[in-house]
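Take a look at the structure set out below.
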Amino acid sequence: MIRKACKQDTGQLAAIYNHYVVNTIVTFDLDPVTTEWMDNRIDDVTARHPFLVCEKDGRIVGYAYAAKWSEKRGYAHTAEITIYVAPHSVGKGHGSQLLSALLNQLREMGMRCLLAGIALPNPSSIALHEKFGFQKTARFPDIGVKFDKPVDVGYWRLQLQTDD
């Protein structure tokens, strides 16, 4: 089931995210986050954009949201998306379910362009985004550091609407 995130989800959401913080290069947060941090993140995101969770058998197995790309008003119809799936649920289609639902909501909101930043290498994230039509737009070598090693970041872009 895909639904909106709520305050009761913060513990499970933080646990999913913290797995990636502690064990992977896919986020540049270096320290685990608290439930309070996640609660604030939900508030910040949902002030303007959707924050969705995928729930199965009463447990959250993943989440996705969109956030402002820039504070500048000319970017009001551009958003950056984020998706995380619980480690025990990777490869079971939850990322696709979340991304599909998120894209539908963003189209309905009138978003024009979506961006996805992906720490590299990350073939599963690239495959998920490209499955939905995202195209690689940029690569920034050595832009981040995780586990004392430089990490490249690529950006994938999806044009939802045009003036044509």
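So you can find residues: chains in the structure tokens are A, B, ... in the order shown, residues in each start at 1, and ligands are numbered from 1 in order.
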**Study point:** region 43-163 of chain A: residues DSSP assigns to strand (DSSP E), reported as a PyMOL selection string
**Key:** chain A and resi 51-56+59-68+78-85+113-120+135-146+149-159
With region 91-106 of chain A as the partner and 12 Å as the cut-off, tabulate the residues of region 119-149 of chain A that qualify, each row holding the nearest pair of atoms and their distance in Å to one decimal, using only C-alpha atoms, sorted by chain and rising number, as a Markdown table.
```
| residue | atom | partner | partner_atom | distance |
| --- | --- | --- | --- | --- |
| A:Ser124 | CA | A:Gly91 | CA | 8.7 |
| A:Ser125 | CA | A:Gly95 | CA | 9.0 |
| A:Ile126 | CA | A:Gly95 | CA | 11.8 |
| A:Ala127 | CA | A:Ser96 | CA | 10.4 |
| A:Leu128 | CA | A:Ser96 | CA | 6.8 |
| A:His129 | CA | A:Leu99 | CA | 8.3 |
| A:Glu130 | CA | A:Ser96 | CA | 11.0 |
| A:Lys131 | CA | A:Ser96 | CA | 8.7 |
| A:Phe132 | CA | A:Ser100 | CA | 7.9 |
| A:Gly133 | CA | A:Leu103 | CA | 10.9 |
| A:Phe134 | CA | A:Leu103 | CA | 11.3 |
```
Could the residues in this selection be saved with N, CA, C and O atoms as a PDB file, in the first residue's frame?
```pdb
ATOM      1  N   SER A 124      21.507  -0.229  -9.452  1.00  0.00           N
ATOM      2  CA  SER A 124      20.076  -0.484  -9.234  1.00  0.00           C
ATOM      3  C   SER A 124      19.274   0.810  -9.241  1.00  0.00           C
ATOM      4  O   SER A 124      18.166   0.860  -9.786  1.00  0.00           O
ATOM      5  N   SER A 125      19.810   1.876  -8.670  1.00  0.00           N
ATOM      6  CA  SER A 125      19.115   3.161  -8.693  1.00  0.00           C
ATOM      7  C   SER A 125      19.058   3.719 -10.107  1.00  0.00           C
ATOM      8  O   SER A 125      18.027   4.240 -10.546  1.00  0.00           O
ATOM      9  N   ILE A 126      20.146   3.590 -10.841  1.00  0.00           N
ATOM     10  CA  ILE A 126      20.156   4.050 -12.231  1.00  0.00           C
ATOM     11  C   ILE A 126      19.099   3.290 -13.033  1.00  0.00           C
ATOM     12  O   ILE A 126      18.314   3.899 -13.766  1.00  0.00           O
ATOM     13  N   ALA A 127      19.060   1.975 -12.882  1.00  0.00           N
ATOM     14  CA  ALA A 127      18.083   1.164 -13.625  1.00  0.00           C
ATOM     15  C   ALA A 127      16.655   1.570 -13.275  1.00  0.00           C
ATOM     16  O   ALA A 127      15.799   1.674 -14.160  1.00  0.00           O
ATOM     17  N   LEU A 128      16.377   1.799 -11.995  1.00  0.00           N
ATOM     18  CA  LEU A 128      15.030   2.210 -11.586  1.00  0.00           C
ATOM     19  C   LEU A 128      14.648   3.522 -12.247  1.00  0.00           C
ATOM     20  O   LEU A 128      13.564   3.641 -12.828  1.00  0.00           O
ATOM     21  N   HIS A 129      15.501   4.508 -12.168  1.00  0.00           N
ATOM     22  CA  HIS A 129      15.183   5.819 -12.737  1.00  0.00           C
ATOM     23  C   HIS A 129      15.046   5.748 -14.260  1.00  0.00           C
ATOM     24  O   HIS A 129      14.119   6.339 -14.838  1.00  0.00           O
ATOM     25  N   GLU A 130      15.934   5.042 -14.915  1.00  0.00           N
ATOM     26  CA  GLU A 130      15.864   4.952 -16.376  1.00  0.00           C
ATOM     27  C   GLU A 130      14.631   4.166 -16.832  1.00  0.00           C
ATOM     28  O   GLU A 130      14.077   4.437 -17.895  1.00  0.00           O
ATOM     29  N   LYS A 131      14.175   3.224 -16.033  1.00  0.00           N
ATOM     30  CA  LYS A 131      12.941   2.486 -16.328  1.00  0.00           C
ATOM     31  C   LYS A 131      11.757   3.443 -16.471  1.00  0.00           C
ATOM     32  O   LYS A 131      10.835   3.205 -17.253  1.00  0.00           O
ATOM     33  N   PHE A 132      11.793   4.560 -15.733  1.00  0.00           N
ATOM     34  CA  PHE A 132      10.710   5.533 -15.764  1.00  0.00           C
ATOM     35  C   PHE A 132      11.010   6.732 -16.667  1.00  0.00           C
ATOM     36  O   PHE A 132      10.301   7.727 -16.638  1.00  0.00           O
ATOM     37  N   GLY A 133      12.071   6.618 -17.477  1.00  0.00           N
ATOM     38  CA  GLY A 133      12.344   7.646 -18.474  1.00  0.00           C
ATOM     39  C   GLY A 133      13.360   8.702 -18.086  1.00  0.00           C
ATOM     40  O   GLY A 133      13.627   9.621 -18.867  1.00  0.00           O
ATOM     41  N   PHE A 134      13.939   8.614 -16.909  1.00  0.00           N
ATOM     42  CA  PHE A 134      14.982   9.569 -16.530  1.00  0.00           C
ATOM     43  C   PHE A 134      16.203   9.351 -17.427  1.00  0.00           C
ATOM     44  O   PHE A 134      16.528   8.214 -17.771  1.00  0.00           O
TER      45      PHE A 134
END
```
Study note, to complete from the structure: Of A:Asp152, A:Asp142, A:Asp29, A:Glu55, the one nearest to Ile118 (chain A) when counting only C-alpha atoms is A:Asp152
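DSSP annotation of region 55-128 of chain A from backbone atoms: helix (DSSP H, G or I) residues are Arg73, Gly74, Tyr75, Pro87, His88, Ser89, His94, Gly95, Ser96, Gln97, Leu98, Leu99, Ser100, Ala101, Leu102, Leu103, Asn104, Gln105, Leu106, Arg107, Glu108, Met109, Pro123, Ser124, Ser125, Ile126, Ala127 and Leu128 of chain A.
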Just-selected residues, C-alpha atoms written as a PDB file, in the first residue's frame:
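Generated output (selection-v2.pdb):
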```
ATOM      1  CA  ARG A  73      11.138  31.191  -7.734  1.00  0.00           C
ATOM      2  CA  GLY A  74      11.998  30.362 -11.337  1.00  0.00           C
ATOM      3  CA  TYR A  75      12.618  26.767 -10.245  1.00  0.00           C
ATOM      4  CA  PRO A  87      17.375  -3.497   2.783  1.00  0.00           C
ATOM      5  CA  HIS A  88      15.191  -6.602   3.271  1.00  0.00           C
ATOM      6  CA  SER A  89      12.787  -5.342   0.581  1.00  0.00           C
ATOM      7  CA  HIS A  94       8.601  -1.439  -3.983  1.00  0.00           C
ATOM      8  CA  GLY A  95      10.889   1.202  -5.508  1.00  0.00           C
ATOM      9  CA  SER A  96       8.911   1.038  -8.762  1.00  0.00           C
ATOM     10  CA  GLN A  97       5.606   1.322  -6.903  1.00  0.00           C
ATOM     11  CA  LEU A  98       6.836   4.346  -4.980  1.00  0.00           C
ATOM     12  CA  LEU A  99       8.343   6.071  -8.004  1.00  0.00           C
ATOM     13  CA  SER A 100       5.213   5.507 -10.094  1.00  0.00           C
ATOM     14  CA  ALA A 101       2.961   6.965  -7.387  1.00  0.00           C
ATOM     15  CA  LEU A 102       5.311   9.887  -6.807  1.00  0.00           C
ATOM     16  CA  LEU A 103       5.484  10.723 -10.520  1.00  0.00           C
ATOM     17  CA  ASN A 104       1.694  10.648 -10.792  1.00  0.00           C
ATOM     18  CA  GLN A 105       1.301  13.085  -7.903  1.00  0.00           C
ATOM     19  CA  LEU A 106       4.002  15.405  -9.243  1.00  0.00           C
ATOM     20  CA  ARG A 107       2.373  15.469 -12.693  1.00  0.00           C
ATOM     21  CA  GLU A 108      -0.955  16.367 -11.086  1.00  0.00           C
ATOM     22  CA  MET A 109       0.777  19.192  -9.206  1.00  0.00           C
ATOM     23  CA  PRO A 123      23.404   0.396 -10.875  1.00  0.00           C
ATOM     24  CA  SER A 124      20.076  -0.484  -9.234  1.00  0.00           C
ATOM     25  CA  SER A 125      19.115   3.161  -8.693  1.00  0.00           C
ATOM     26  CA  ILE A 126      20.156   4.050 -12.231  1.00  0.00           C
ATOM     27  CA  ALA A 127      18.083   1.164 -13.625  1.00  0.00           C
ATOM     28  CA  LEU A 128      15.030   2.210 -11.586  1.00  0.00           C
TER      29      LEU A 128
END
```
Check your understanding: Near Val145 (chain A), counting only C-alpha atoms, which residues have an atom at most 12 Å away, once you skip same-chain residues fewer than 4 positions from it, shown as a list in words?
Key ->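 Non-adjacent residues within range: Thr24, Ile25, Val26, Thr27, Phe28, Asp29, Leu30, Ala119, Leu120, Pro141, Lys149, Pro150, Val151, Asp152 and Val153 of chain A.
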**Study point:** Contacts of Met111 (chain A) at 8 Å (only C-alpha atoms; same-chain gap of 6+ positions) as JSON, numbers by chain
**Key:** {"A": [77, 78, 79, 160, 161]}
Output N, CA, C and O atoms for every residue in the selection just made, as a compact mmCIF listing (two decimals), in the first residue's frame.
```txt
# COMPACT_ATOMS: atom_id res chain seq x y z
N HIS A 77 8.79 24.85 -10.43
CA HIS A 77 8.20 23.67 -11.07
C HIS A 77 9.23 22.57 -11.33
O HIS A 77 9.02 21.69 -12.15
N THR A 78 10.35 22.66 -10.61
CA THR A 78 11.39 21.64 -10.67
C THR A 78 11.57 21.08 -9.26
O THR A 78 11.58 21.83 -8.29
N ALA A 79 11.72 19.77 -9.16
CA ALA A 79 11.92 19.14 -7.86
C ALA A 79 12.98 18.06 -7.97
O ALA A 79 13.20 17.49 -9.04
N LEU A 160 8.65 16.27 -17.24
CA LEU A 160 7.26 15.85 -17.11
C LEU A 160 6.34 16.60 -18.05
O LEU A 160 5.40 16.03 -18.60
N GLN A 161 6.57 17.88 -18.20
CA GLN A 161 5.71 18.73 -19.02
C GLN A 161 6.55 19.72 -19.80
O GLN A 161 7.59 20.17 -19.32
```
